>>> print(open('structure.cif').read())   # mmCIF, C-alpha atoms
data_query
#
loop_
_atom_site.label_atom_id
_atom_site.label_comp_id
_atom_site.auth_asym_id
_atom_site.auth_seq_id
_atom_site.Cartn_x
_atom_site.Cartn_y
_atom_site.Cartn_z
CA MET A 1199 -20.64 -16.91 29.43
CA SER A 1200 -22.56 -17.20 26.18
CA SER A 1201 -22.75 -13.43 25.78
CA SER A 1202 -19.02 -12.75 26.21
CA ARG A 1203 -15.74 -14.26 25.16
CA ALA A 1204 -14.39 -16.95 27.51
CA THR A 1205 -11.00 -16.26 29.10
CA ILE A 1206 -8.38 -18.39 30.82
CA LYS A 1207 -9.78 -17.00 34.09
CA ASP A 1208 -13.11 -18.63 33.27
CA ILE A 1209 -11.39 -21.96 32.63
CA ALA A 1210 -9.40 -21.67 35.86
CA ARG A 1211 -12.54 -20.84 37.86
CA ALA A 1212 -14.47 -23.76 36.36
CA LEU A 1213 -11.70 -26.23 37.18
CA ASN A 1214 -10.72 -24.61 40.49
CA ILE A 1215 -7.08 -24.27 39.45
CA SER A 1216 -4.78 -21.29 38.98
CA VAL A 1217 -4.70 -19.07 35.91
CA ALA A 1218 -0.98 -19.81 35.59
CA THR A 1219 -1.68 -23.54 35.40
CA VAL A 1220 -4.30 -23.01 32.69
CA SER A 1221 -1.92 -20.80 30.73
CA ARG A 1222 0.88 -23.36 30.89
CA ALA A 1223 -1.47 -26.18 29.95
CA LEU A 1224 -2.77 -24.29 26.90
CA ASN A 1225 0.81 -23.56 25.84
CA GLY A 1226 1.79 -27.23 26.14
CA SER A 1227 4.21 -26.82 29.03
CA HIS A 1228 5.97 -30.04 30.09
CA GLU A 1229 5.64 -28.87 33.71
CA ILE A 1230 1.89 -29.63 33.69
CA HIS A 1231 0.61 -33.18 34.21
CA SER A 1232 -0.94 -34.72 31.12
CA LEU A 1233 -4.25 -35.34 32.93
CA THR A 1234 -4.47 -31.66 33.89
CA LYS A 1235 -3.70 -30.65 30.33
CA GLU A 1236 -6.47 -32.88 29.08
CA LYS A 1237 -9.01 -31.38 31.50
CA VAL A 1238 -7.97 -27.82 30.57
CA LEU A 1239 -8.28 -28.52 26.85
CA GLU A 1240 -11.70 -30.17 27.31
CA LYS A 1241 -12.97 -27.24 29.37
CA ALA A 1242 -11.55 -24.75 26.84
CA LYS A 1243 -13.43 -26.54 24.08
CA GLU A 1244 -16.60 -26.67 26.16
CA LEU A 1245 -16.44 -22.92 26.88
CA ARG A 1246 -15.47 -22.20 23.23
CA TYR A 1247 -12.32 -20.47 24.39
CA LYS A 1248 -10.23 -18.78 21.71
CA PRO A 1249 -6.84 -17.23 22.47
CA ASN A 1250 -6.57 -13.45 22.21
CA ILE A 1251 -3.87 -13.23 19.56
CA GLN A 1252 -3.63 -9.45 19.82
CA ALA A 1253 -3.06 -9.56 23.58
CA ARG A 1254 -0.56 -12.40 23.21
CA ASN A 1255 1.39 -10.48 20.57
CA LEU A 1256 1.31 -7.39 22.76
CA LEU A 1257 2.91 -9.33 25.60
CA LYS A 1258 5.51 -10.68 23.21
CA ARG A 1259 5.85 -7.22 21.60
CA ARG A 1260 4.91 -8.83 18.27
CA SER A 1261 2.21 -7.93 15.80
CA ASN A 1262 3.37 -9.83 12.70
CA MET A 1263 2.90 -6.57 10.79
CA ILE A 1264 5.32 -4.22 9.11
CA GLY A 1265 4.55 -0.72 7.90
CA VAL A 1266 5.36 0.83 4.53
CA VAL A 1267 5.27 4.57 3.78
CA VAL A 1268 5.69 5.80 0.20
CA PRO A 1269 5.21 9.23 -1.41
CA GLU A 1270 2.61 8.26 -4.01
CA PHE A 1271 0.78 5.50 -5.87
CA ILE A 1272 0.31 7.44 -9.13
CA THR A 1273 3.31 6.04 -10.96
CA PHE A 1274 4.32 2.39 -11.27
CA PHE A 1275 7.53 2.88 -9.26
CA PHE A 1276 6.45 2.56 -5.62
CA PRO A 1277 3.67 -0.02 -6.16
CA GLU A 1278 6.27 -2.31 -7.74
CA ILE A 1279 8.57 -1.83 -4.75
CA ILE A 1280 5.66 -2.75 -2.44
CA ILE A 1281 5.00 -5.93 -4.44
CA GLY A 1282 8.65 -6.87 -3.92
CA ILE A 1283 8.33 -6.23 -0.17
CA GLN A 1284 5.18 -8.34 0.12
CA GLU A 1285 6.76 -11.17 -1.82
CA VAL A 1286 9.37 -11.56 0.91
CA VAL A 1287 7.56 -10.74 4.14
CA ASN A 1288 4.32 -12.62 3.42
CA LYS A 1289 6.31 -15.85 3.18
CA MET A 1290 7.60 -15.15 6.70
CA GLY A 1291 4.11 -14.71 8.12
CA TYR A 1292 4.02 -10.90 8.11
CA GLN A 1293 1.25 -8.66 6.86
CA VAL A 1294 1.95 -5.22 5.37
CA LEU A 1295 0.25 -1.99 6.38
CA ILE A 1296 0.66 0.44 3.46
CA SER A 1297 0.27 4.22 3.58
CA GLN A 1298 1.13 7.03 1.19
CA SER A 1299 2.11 10.56 2.09
CA ASN A 1300 0.88 12.22 -1.11
CA GLU A 1301 4.25 14.05 -1.11
CA SER A 1302 3.29 15.78 2.17
CA SER A 1303 5.71 15.93 5.10
CA SER A 1304 2.92 16.34 7.65
CA LEU A 1305 0.89 13.44 6.25
CA GLU A 1306 4.04 11.32 6.21
CA SER A 1307 4.54 12.12 9.89
CA ARG A 1308 0.96 11.15 10.71
CA ASN A 1309 1.30 7.92 8.74
CA VAL A 1310 4.45 7.00 10.66
CA LYS A 1311 2.71 7.76 13.97
CA MET A 1312 -0.27 5.61 12.93
CA LEU A 1313 2.02 2.70 12.09
CA GLU A 1314 3.84 3.10 15.38
CA GLU A 1315 0.54 3.04 17.28
CA SER A 1316 -0.48 -0.05 15.29
CA MET A 1317 2.49 -1.85 16.86
CA VAL A 1318 4.25 -2.65 13.58
CA GLU A 1319 7.50 -4.50 14.11
CA GLY A 1320 9.36 -2.35 11.61
CA MET A 1321 8.96 0.16 8.78
CA ILE A 1322 10.13 0.60 5.20
CA VAL A 1323 10.03 4.25 4.18
CA SER A 1324 10.58 6.43 1.13
CA VAL A 1325 10.28 10.05 2.21
CA ALA A 1326 8.09 12.76 0.71
CA LYS A 1327 9.60 15.45 -1.49
CA ASN A 1328 9.47 18.00 1.35
CA SER A 1329 9.95 15.65 4.30
CA ARG A 1330 11.13 17.33 7.50
CA ASN A 1331 10.68 14.38 9.84
CA ILE A 1332 14.30 13.61 10.75
CA GLU A 1333 13.68 14.00 14.51
CA GLN A 1334 10.71 11.64 14.39
CA TYR A 1335 12.71 8.93 12.62
CA GLN A 1336 15.68 9.44 14.96
CA ARG A 1337 13.40 8.99 17.98
CA LEU A 1338 12.04 5.75 16.55
CA ILE A 1339 15.56 4.47 15.88
CA ASP A 1340 16.59 5.45 19.42
CA GLU A 1341 13.58 3.48 20.69
CA ARG A 1342 14.80 0.46 18.68
CA MET A 1343 12.22 0.53 15.91
CA PRO A 1344 13.69 -1.23 12.83
CA ILE A 1345 13.56 1.14 9.83
CA VAL A 1346 14.84 0.73 6.26
CA PHE A 1347 14.77 3.61 3.78
CA VAL A 1348 14.41 3.04 0.02
CA ASN A 1349 15.10 5.27 -2.99
CA ARG A 1350 14.58 8.56 -1.14
CA VAL A 1351 16.69 8.35 1.98
CA ILE A 1352 17.76 10.63 4.83
CA SER A 1353 21.56 10.81 4.80
CA GLU A 1354 21.70 12.33 8.30
CA LEU A 1355 20.36 9.12 9.86
CA ASN A 1356 22.34 5.99 10.62
CA ALA A 1357 19.81 3.63 9.08
CA SER A 1358 19.78 0.81 6.58
CA GLN A 1359 18.84 1.75 3.02
CA VAL A 1360 18.40 0.33 -0.47
CA VAL A 1361 19.30 2.62 -3.37
CA ILE A 1362 20.93 2.71 -6.75
CA ASP A 1363 23.98 4.85 -7.53
CA ASP A 1364 22.03 7.90 -8.71
CA MET A 1365 25.19 9.95 -9.29
CA LYS A 1366 26.72 7.26 -11.50
CA TRP A 1367 23.63 6.82 -13.65
CA ALA A 1368 22.95 10.56 -13.98
CA PHE A 1369 26.54 10.81 -15.21
CA LYS A 1370 25.84 8.09 -17.78
CA VAL A 1371 22.67 9.82 -19.03
CA THR A 1372 24.50 13.13 -19.45
CA GLU A 1373 27.51 11.41 -20.99
CA HIS A 1374 25.23 9.71 -23.51
CA LEU A 1375 23.79 13.09 -24.52
CA ILE A 1376 27.28 14.55 -24.86
CA LYS A 1377 28.45 11.63 -27.01
CA CYS A 1378 25.36 12.13 -29.19
CA GLY A 1379 26.69 15.62 -29.95
CA TYR A 1380 24.61 17.77 -27.59
CA ARG A 1381 26.34 20.61 -25.76
CA ARG A 1382 23.62 22.82 -24.30
CA ILE A 1383 22.18 20.18 -21.98
CA ALA A 1384 19.59 21.46 -19.54
CA HIS A 1385 18.79 19.69 -16.28
CA LEU A 1386 15.34 19.90 -14.73
CA ALA A 1387 16.05 18.85 -11.16
CA GLY A 1388 13.75 17.62 -8.40
CA ASN A 1389 13.13 19.13 -4.96
CA GLU A 1390 16.37 20.59 -3.65
CA HIS A 1391 16.70 18.68 -0.37
CA LEU A 1392 15.87 15.20 -1.75
CA SER A 1393 18.82 12.79 -1.78
CA VAL A 1394 18.06 11.66 -5.36
CA THR A 1395 17.98 15.29 -6.54
CA LYS A 1396 21.41 16.01 -5.07
CA GLU A 1397 22.96 12.81 -6.41
CA ARG A 1398 21.58 13.20 -9.93
CA MET A 1399 22.56 16.87 -10.03
CA GLN A 1400 26.10 15.92 -9.06
CA GLY A 1401 26.24 13.23 -11.73
CA TYR A 1402 25.06 15.74 -14.36
CA GLN A 1403 27.71 18.26 -13.30
CA ASN A 1404 30.45 15.63 -13.15
CA ALA A 1405 29.75 14.56 -16.73
CA LEU A 1406 29.94 18.13 -18.02
CA LEU A 1407 33.23 18.59 -16.18
CA ALA A 1408 34.64 15.31 -17.52
CA TYR A 1409 33.97 16.45 -21.11
CA ASP A 1410 35.15 20.04 -20.60
CA ILE A 1411 31.70 21.55 -21.02
CA PRO A 1412 31.24 24.60 -18.78
CA LEU A 1413 28.31 24.42 -16.37
CA ASN A 1414 25.71 26.94 -17.48
CA GLU A 1415 23.54 27.69 -14.45
CA ASN A 1416 20.88 29.16 -16.76
CA LEU A 1417 20.25 25.62 -17.98
CA VAL A 1418 19.50 24.25 -14.50
CA MET A 1419 16.13 24.58 -12.77
CA TYR A 1420 14.55 22.87 -9.76
CA VAL A 1421 11.02 21.94 -10.79
CA GLY A 1422 10.09 19.01 -8.53
CA VAL A 1423 9.20 15.42 -9.32
CA GLN A 1424 5.64 15.49 -10.65
CA GLN A 1425 4.66 15.53 -14.33
CA GLU A 1426 2.67 18.77 -14.14
CA ARG A 1427 5.81 20.57 -12.94
CA ALA A 1428 7.44 20.04 -16.34
CA LYS A 1429 5.50 22.98 -17.80
CA ILE A 1430 7.32 25.40 -15.47
CA GLY A 1431 10.66 24.08 -16.66
CA VAL A 1432 9.77 24.10 -20.34
CA ASP A 1433 8.33 27.64 -20.11
CA TYR A 1434 11.58 28.80 -18.55
CA LEU A 1435 13.92 26.99 -20.95
CA MET A 1436 12.00 28.18 -24.01
CA SER A 1437 12.25 31.77 -22.74
CA LEU A 1438 16.05 31.66 -22.90
CA LYS A 1439 17.80 33.49 -25.72
CA GLU A 1440 20.06 30.46 -26.22
CA LYS A 1441 17.79 27.48 -25.85
CA PRO A 1442 18.99 23.99 -24.88
CA ASP A 1443 19.49 21.28 -27.45
CA ALA A 1444 18.78 18.53 -24.88
CA ILE A 1445 16.96 18.13 -21.56
CA PHE A 1446 17.85 15.66 -18.83
CA ALA A 1447 14.88 15.43 -16.45
CA ILE A 1448 15.00 14.25 -12.82
CA ASN A 1449 12.59 11.39 -13.58
CA ASP A 1450 10.31 9.95 -16.22
CA PRO A 1451 7.15 11.83 -15.18
CA VAL A 1452 8.94 15.17 -15.66
CA ALA A 1453 10.55 13.95 -18.91
CA VAL A 1454 7.17 12.84 -20.28
CA GLY A 1455 5.71 16.19 -19.23
CA CYS A 1456 8.53 17.94 -21.11
CA ILE A 1457 7.82 16.00 -24.30
CA LEU A 1458 4.11 16.83 -24.14
CA GLU A 1459 4.78 20.53 -23.48
CA LEU A 1460 7.41 20.80 -26.23
CA LYS A 1461 5.09 19.15 -28.75
CA LYS A 1462 2.37 21.68 -27.90
CA ARG A 1463 4.82 24.32 -29.07
CA GLY A 1464 5.54 22.47 -32.31
CA ILE A 1465 9.00 21.43 -31.13
CA ARG A 1466 10.04 18.04 -32.43
CA ILE A 1467 11.59 15.31 -30.28
CA PRO A 1468 14.44 14.62 -30.89
CA GLU A 1469 14.92 16.66 -34.09
CA ASP A 1470 14.81 20.01 -32.25
CA ILE A 1471 15.44 19.00 -28.64
CA ALA A 1472 16.45 15.64 -27.20
CA VAL A 1473 14.87 14.51 -23.91
CA ALA A 1474 16.08 11.91 -21.39
CA GLY A 1475 14.48 10.73 -18.16
CA PHE A 1476 15.26 8.51 -15.17
CA SER A 1477 13.51 5.58 -13.41
CA GLU A 1478 12.00 4.09 -16.54
CA SER A 1479 8.21 4.03 -16.80
CA PRO A 1480 5.75 2.18 -19.08
CA ILE A 1481 4.52 5.45 -20.63
CA GLY A 1482 8.14 6.50 -21.15
CA ARG A 1483 8.80 3.32 -23.10
CA MET A 1484 5.71 3.96 -25.24
CA MET A 1485 7.02 7.45 -26.00
CA GLU A 1486 10.47 6.07 -26.95
CA LEU A 1487 12.07 7.91 -24.02
CA THR A 1488 15.70 7.29 -23.15
CA SER A 1489 15.77 6.50 -19.43
CA VAL A 1490 17.47 4.65 -16.58
CA PHE A 1491 15.80 1.39 -15.57
CA GLN A 1492 15.78 0.74 -11.82
CA PRO A 1493 15.08 -2.77 -10.43
CA THR A 1494 11.96 -1.83 -8.47
CA PHE A 1495 10.92 -5.34 -7.44
CA GLU A 1496 14.45 -6.10 -6.27
CA ILE A 1497 14.56 -2.83 -4.29
CA GLY A 1498 11.48 -4.02 -2.42
CA ARG A 1499 12.84 -7.52 -1.89
CA LYS A 1500 16.20 -6.29 -0.59
CA ALA A 1501 14.54 -3.74 1.72
CA ALA A 1502 12.30 -6.46 3.15
CA GLY A 1503 15.31 -8.70 3.73
CA LEU A 1504 17.16 -5.93 5.57
CA LEU A 1505 14.12 -5.18 7.72
CA LEU A 1506 13.59 -8.82 8.70
CA LYS A 1507 17.26 -9.05 9.59
CA GLN A 1508 16.96 -5.96 11.77
CA ILE A 1509 13.78 -7.24 13.44
CA LYS A 1510 15.69 -10.40 14.35
CA ASP A 1511 18.77 -8.50 15.54
CA PHE A 1512 18.31 -4.77 16.01
CA ASP A 1513 21.95 -4.33 17.07
CA ALA A 1514 23.25 -5.49 13.70
CA PRO A 1515 25.03 -2.58 11.97
CA ALA A 1516 23.10 -0.48 9.45
CA GLU A 1517 23.62 -1.59 5.86
CA THR A 1518 23.45 0.19 2.52
CA ILE A 1519 22.62 -1.93 -0.50
CA ILE A 1520 23.39 -0.31 -3.86
CA LEU A 1521 21.67 -2.07 -6.73
CA ASP A 1522 22.69 -1.90 -10.36
CA ALA A 1523 20.65 -0.11 -13.03
CA LYS A 1524 20.64 0.15 -16.83
CA LEU A 1525 20.54 3.02 -19.31
CA ASN A 1526 18.04 2.20 -22.05
CA ILE A 1527 18.67 4.38 -25.10
CA ARG A 1528 15.70 5.14 -27.34
CA ASN A 1529 14.67 7.57 -30.07
CA SER A 1530 14.16 10.59 -27.81
CA THR A 1531 17.93 11.12 -27.77
CA LEU A 1532 18.90 10.28 -31.33
CA PRO A 1533 22.54 11.28 -32.11
CA LEU A 1534 22.91 14.49 -34.10
CA SER A 1535 24.62 12.62 -36.94
CA LYS A 1536 21.62 10.31 -37.36
CA LYS A 1537 19.13 13.17 -37.09
CA MET A 1538 20.77 14.84 -40.06
CA LYS A 1539 20.01 11.77 -42.19
CA ARG A 1540 16.29 11.60 -41.25
#
>>> encode(input="structure.cif", output="structure tokens")
Amino acid sequence: MSSSRATIKDIARALNISVATVSRALNGSHEIHSLTKEKVLEKAKELRYKPNIQARNLLKRRSNMIGVVVPEFITFFFPEIIIGIQEVVNKMGYQVLISQSNESSSLESRNVKMLEESMVEGMIVSVAKNSRNIEQYQRLIDERMPIVFVNRVISELNASQVVIDDMKWAFKVTEHLIKCGYRRIAHLAGNEHLSVTKERMQGYQNALLAYDIPLNENLVMYVGVQQERAKIGVDYLMSLKEKPDAIFAINDPVAVGCILELKKRGIRIPEDIAVAGFSESPIGRMMELTSVFQPTFEIGRKAAGLLLKQIKDFDAPAETIILDAKLNIRNSTLPLSKKMKR
């Protein structure tokens, strides 16, 4: 007994009673006589019995863990969402298993499988830039696994999600550039199939249409979402005979990359070309970058709330929470009239 962990079978054998009686006594059942309970508890203490929490949770189909899958930890964006998630679920007794896909669809799939095998009670997911795992997520939903998507969602799935209105705020960024006097506004878009790419592209196009500015397809390029991809976009735009007077980038990393690449070429920001980003970052603020602030902590908190609700009642209808954002205007998009006075 001293070399192995005591079980309820050991207690039952020592007291010559049934395993079921020991189990009920340990769980405080009113069906068991108080004297029997007392004997069971004394014997459990004597044998140094400790309940197998993992086995108990398995029987109850509970692990007190939720899984989180995000594309990367490089920028501030997803870590802040995770902090918001933890703030809510930790108070409810849950632990968080965190994994990152490194923008890889296959690694994302393996991460999801790992979380499933770890018996998480639900998942919060933001998909990789090239995610192709719709069937995997649909299977999990069909098997009643609670899932909430954040920021980067899969529109084909009937699942809860927390987002901002990307189309609306891309419209506002482009509209701001138009009102500043810019007319040849380029858009460096993200990966083509991402929901945020499609929504922000549509917002950009809608703003041009609203102000009677023809869409010039030469000024649009899909470059991706990482900072190093900005060089491809800048190389292309600077090769055009008629260069842009402003650039609206899919996100802050690409916008920051644009500023760095343009400055290498001796191009001044905003005197020669204005630059705007999206999903405001600390480095963007340091570089006086106009950008859209997204409430990252609140995204995490709302996603956690939806997931806990779904864990409690899986049959509750899927919900979409659309949070508000804010356009912060800085010196990278100075109006043309003010630039003339500098």
>>> atom_distance(input="structure.cif", atom1="atom CA of A:Ile1206", atom2="atom CA of A:His1231")
17.6 Å
>>> residues_around(input="structure.cif", residues="A:Val1287", least_positions_apart="4", cutoff="12 Å", atoms="only C-alpha atoms", output="list in words")
Asn1262, Met1263, Ile1264, Gly1265, Val1266, Ile1280, Ile1281, Gly1282, Ile1283, Gly1291, Tyr1292, Gln1293, Val1294, Leu1295, Glu1319, Gly1320, Met1321, Ile1322, Gly1498, Arg1499, Lys1500, Ala1501, Ala1502, Gly1503, Leu1504, Leu1505, Leu1506, Lys1507 and Ile1509 of chain A
>>> atom_distance(input="structure.cif", atom1="atom CA of A:Ala1428", atom2="atom CA of A:Leu1386")
8.1 Å
>>> closest_residue(input="structure.cif", among="A:Pro1269, A:Pro1277, A:Pro1412, A:Gly1482", to="A:Arg1350", atoms="all atoms listed in the file")
A:Pro1269
>>> resolve_selection(input="structure.cif", expression="the PyMOL selection byres ((chain A and resi 1465-1476) around 7)", output="compact mmCIF listing (two decimals) with C-alpha atoms, in the frame of the given file")
# COMPACT_ATOMS: atom_id res chain seq x y z
CA ASP A 1443 19.49 21.28 -27.45
CA ALA A 1444 18.78 18.53 -24.88
CA ILE A 1445 16.96 18.13 -21.56
CA PHE A 1446 17.85 15.66 -18.83
CA ALA A 1447 14.88 15.43 -16.45
CA ILE A 1448 15.00 14.25 -12.82
CA ASN A 1449 12.59 11.39 -13.58
CA ASP A 1450 10.31 9.95 -16.22
CA ALA A 1453 10.55 13.95 -18.91
CA LEU A 1460 7.41 20.80 -26.23
CA LYS A 1461 5.09 19.15 -28.75
CA ARG A 1463 4.82 24.32 -29.07
CA GLY A 1464 5.54 22.47 -32.31
CA SER A 1477 13.51 5.58 -13.41
CA GLU A 1478 12.00 4.09 -16.54
CA LEU A 1487 12.07 7.91 -24.02
CA THR A 1488 15.70 7.29 -23.15
CA SER A 1489 15.77 6.50 -19.43
CA VAL A 1490 17.47 4.65 -16.58
CA SER A 1530 14.16 10.59 -27.81
CA THR A 1531 17.93 11.12 -27.77
CA LEU A 1532 18.90 10.28 -31.33
CA LYS A 1537 19.13 13.17 -37.09
>>> residues_around(input="structure.cif", residues="A:Phe1369", least_positions_apart="3", cutoff="10 Å", atoms="only C-alpha atoms", output="PyMOL selection string")
chain A and resi 1364-1366+1372-1375+1397-1406+1408
>>> build_atoms(input="structure.cif", residues="stretch 1278-1298 of chain A", atoms="N, CA, C and O atoms", output="PDB file, keeping the file's coordinate frame")
ATOM      1  N   GLU A1278       5.432  -1.159  -7.426  1.00  0.00           N
ATOM      2  CA  GLU A1278       6.270  -2.310  -7.740  1.00  0.00           C
ATOM      3  C   GLU A1278       7.224  -2.628  -6.595  1.00  0.00           C
ATOM      4  O   GLU A1278       7.513  -3.800  -6.314  1.00  0.00           O
ATOM      5  N   ILE A1279       7.734  -1.602  -5.925  1.00  0.00           N
ATOM      6  CA  ILE A1279       8.570  -1.830  -4.750  1.00  0.00           C
ATOM      7  C   ILE A1279       7.774  -2.554  -3.671  1.00  0.00           C
ATOM      8  O   ILE A1279       8.258  -3.494  -3.032  1.00  0.00           O
ATOM      9  N   ILE A1280       6.524  -2.129  -3.466  1.00  0.00           N
ATOM     10  CA  ILE A1280       5.660  -2.750  -2.440  1.00  0.00           C
ATOM     11  C   ILE A1280       5.409  -4.222  -2.770  1.00  0.00           C
ATOM     12  O   ILE A1280       5.417  -5.078  -1.876  1.00  0.00           O
ATOM     13  N   ILE A1281       5.200  -4.531  -4.047  1.00  0.00           N
ATOM     14  CA  ILE A1281       5.000  -5.930  -4.440  1.00  0.00           C
ATOM     15  C   ILE A1281       6.232  -6.759  -4.070  1.00  0.00           C
ATOM     16  O   ILE A1281       6.121  -7.885  -3.570  1.00  0.00           O
ATOM     17  N   GLY A1282       7.414  -6.189  -4.298  1.00  0.00           N
ATOM     18  CA  GLY A1282       8.650  -6.870  -3.920  1.00  0.00           C
ATOM     19  C   GLY A1282       8.750  -7.095  -2.427  1.00  0.00           C
ATOM     20  O   GLY A1282       9.187  -8.156  -1.963  1.00  0.00           O
ATOM     21  N   ILE A1283       8.333  -6.107  -1.634  1.00  0.00           N
ATOM     22  CA  ILE A1283       8.330  -6.230  -0.170  1.00  0.00           C
ATOM     23  C   ILE A1283       7.402  -7.356   0.260  1.00  0.00           C
ATOM     24  O   ILE A1283       7.772  -8.237   1.047  1.00  0.00           O
ATOM     25  N   GLN A1284       6.173  -7.331  -0.270  1.00  0.00           N
ATOM     26  CA  GLN A1284       5.180  -8.340   0.120  1.00  0.00           C
ATOM     27  C   GLN A1284       5.631  -9.745  -0.244  1.00  0.00           C
ATOM     28  O   GLN A1284       5.366 -10.701   0.488  1.00  0.00           O
ATOM     29  N   GLU A1285       6.293  -9.866  -1.366  1.00  0.00           N
ATOM     30  CA  GLU A1285       6.760 -11.170  -1.820  1.00  0.00           C
ATOM     31  C   GLU A1285       7.650 -11.840  -0.781  1.00  0.00           C
ATOM     32  O   GLU A1285       7.608 -13.051  -0.589  1.00  0.00           O
ATOM     33  N   VAL A1286       8.448 -11.021  -0.093  1.00  0.00           N
ATOM     34  CA  VAL A1286       9.370 -11.560   0.910  1.00  0.00           C
ATOM     35  C   VAL A1286       8.711 -11.736   2.268  1.00  0.00           C
ATOM     36  O   VAL A1286       8.781 -12.803   2.878  1.00  0.00           O
ATOM     37  N   VAL A1287       8.046 -10.698   2.759  1.00  0.00           N
ATOM     38  CA  VAL A1287       7.560 -10.740   4.140  1.00  0.00           C
ATOM     39  C   VAL A1287       6.345 -11.644   4.320  1.00  0.00           C
ATOM     40  O   VAL A1287       6.169 -12.240   5.385  1.00  0.00           O
ATOM     41  N   ASN A1288       5.489 -11.750   3.291  1.00  0.00           N
ATOM     42  CA  ASN A1288       4.320 -12.620   3.420  1.00  0.00           C
ATOM     43  C   ASN A1288       4.724 -14.070   3.637  1.00  0.00           C
ATOM     44  O   ASN A1288       4.060 -14.805   4.383  1.00  0.00           O
ATOM     45  N   LYS A1289       5.827 -14.482   3.008  1.00  0.00           N
ATOM     46  CA  LYS A1289       6.310 -15.850   3.180  1.00  0.00           C
ATOM     47  C   LYS A1289       6.775 -16.103   4.609  1.00  0.00           C
ATOM     48  O   LYS A1289       6.811 -17.256   5.054  1.00  0.00           O
ATOM     49  N   MET A1290       7.127 -15.039   5.319  1.00  0.00           N
ATOM     50  CA  MET A1290       7.600 -15.150   6.700  1.00  0.00           C
ATOM     51  C   MET A1290       6.489 -14.903   7.709  1.00  0.00           C
ATOM     52  O   MET A1290       6.736 -14.749   8.905  1.00  0.00           O
ATOM     53  N   GLY A1291       5.252 -14.838   7.221  1.00  0.00           N
ATOM     54  CA  GLY A1291       4.110 -14.710   8.120  1.00  0.00           C
ATOM     55  C   GLY A1291       3.751 -13.291   8.501  1.00  0.00           C
ATOM     56  O   GLY A1291       2.941 -13.083   9.411  1.00  0.00           O
ATOM     57  N   TYR A1292       4.311 -12.304   7.804  1.00  0.00           N
ATOM     58  CA  TYR A1292       4.020 -10.900   8.110  1.00  0.00           C
ATOM     59  C   TYR A1292       2.968 -10.343   7.150  1.00  0.00           C
ATOM     60  O   TYR A1292       2.918 -10.718   5.980  1.00  0.00           O
ATOM     61  N   GLN A1293       2.159  -9.447   7.678  1.00  0.00           N
ATOM     62  CA  GLN A1293       1.250  -8.660   6.860  1.00  0.00           C
ATOM     63  C   GLN A1293       1.812  -7.247   6.715  1.00  0.00           C
ATOM     64  O   GLN A1293       2.612  -6.801   7.543  1.00  0.00           O
ATOM     65  N   VAL A1294       1.402  -6.553   5.669  1.00  0.00           N
ATOM     66  CA  VAL A1294       1.950  -5.220   5.370  1.00  0.00           C
ATOM     67  C   VAL A1294       0.858  -4.165   5.489  1.00  0.00           C
ATOM     68  O   VAL A1294      -0.201  -4.287   4.855  1.00  0.00           O
ATOM     69  N   LEU A1295       1.117  -3.155   6.298  1.00  0.00           N
ATOM     70  CA  LEU A1295       0.250  -1.990   6.380  1.00  0.00           C
ATOM     71  C   LEU A1295       0.857  -0.897   5.500  1.00  0.00           C
ATOM     72  O   LEU A1295       1.970  -0.442   5.748  1.00  0.00           O
ATOM     73  N   ILE A1296       0.122  -0.486   4.467  1.00  0.00           N
ATOM     74  CA  ILE A1296       0.660   0.440   3.460  1.00  0.00           C
ATOM     75  C   ILE A1296       0.001   1.805   3.605  1.00  0.00           C
ATOM     76  O   ILE A1296      -1.219   1.913   3.736  1.00  0.00           O
ATOM     77  N   SER A1297       0.807   2.858   3.563  1.00  0.00           N
ATOM     78  CA  SER A1297       0.270   4.220   3.580  1.00  0.00           C
ATOM     79  C   SER A1297       1.061   5.074   2.597  1.00  0.00           C
ATOM     80  O   SER A1297       2.209   4.771   2.288  1.00  0.00           O
ATOM     81  N   GLN A1298       0.423   6.118   2.110  1.00  0.00           N
ATOM     82  CA  GLN A1298       1.130   7.030   1.190  1.00  0.00           C
ATOM     83  C   GLN A1298       0.983   8.459   1.680  1.00  0.00           C
ATOM     84  O   GLN A1298      -0.058   8.855   2.193  1.00  0.00           O
TER      85      GLN A1298
END
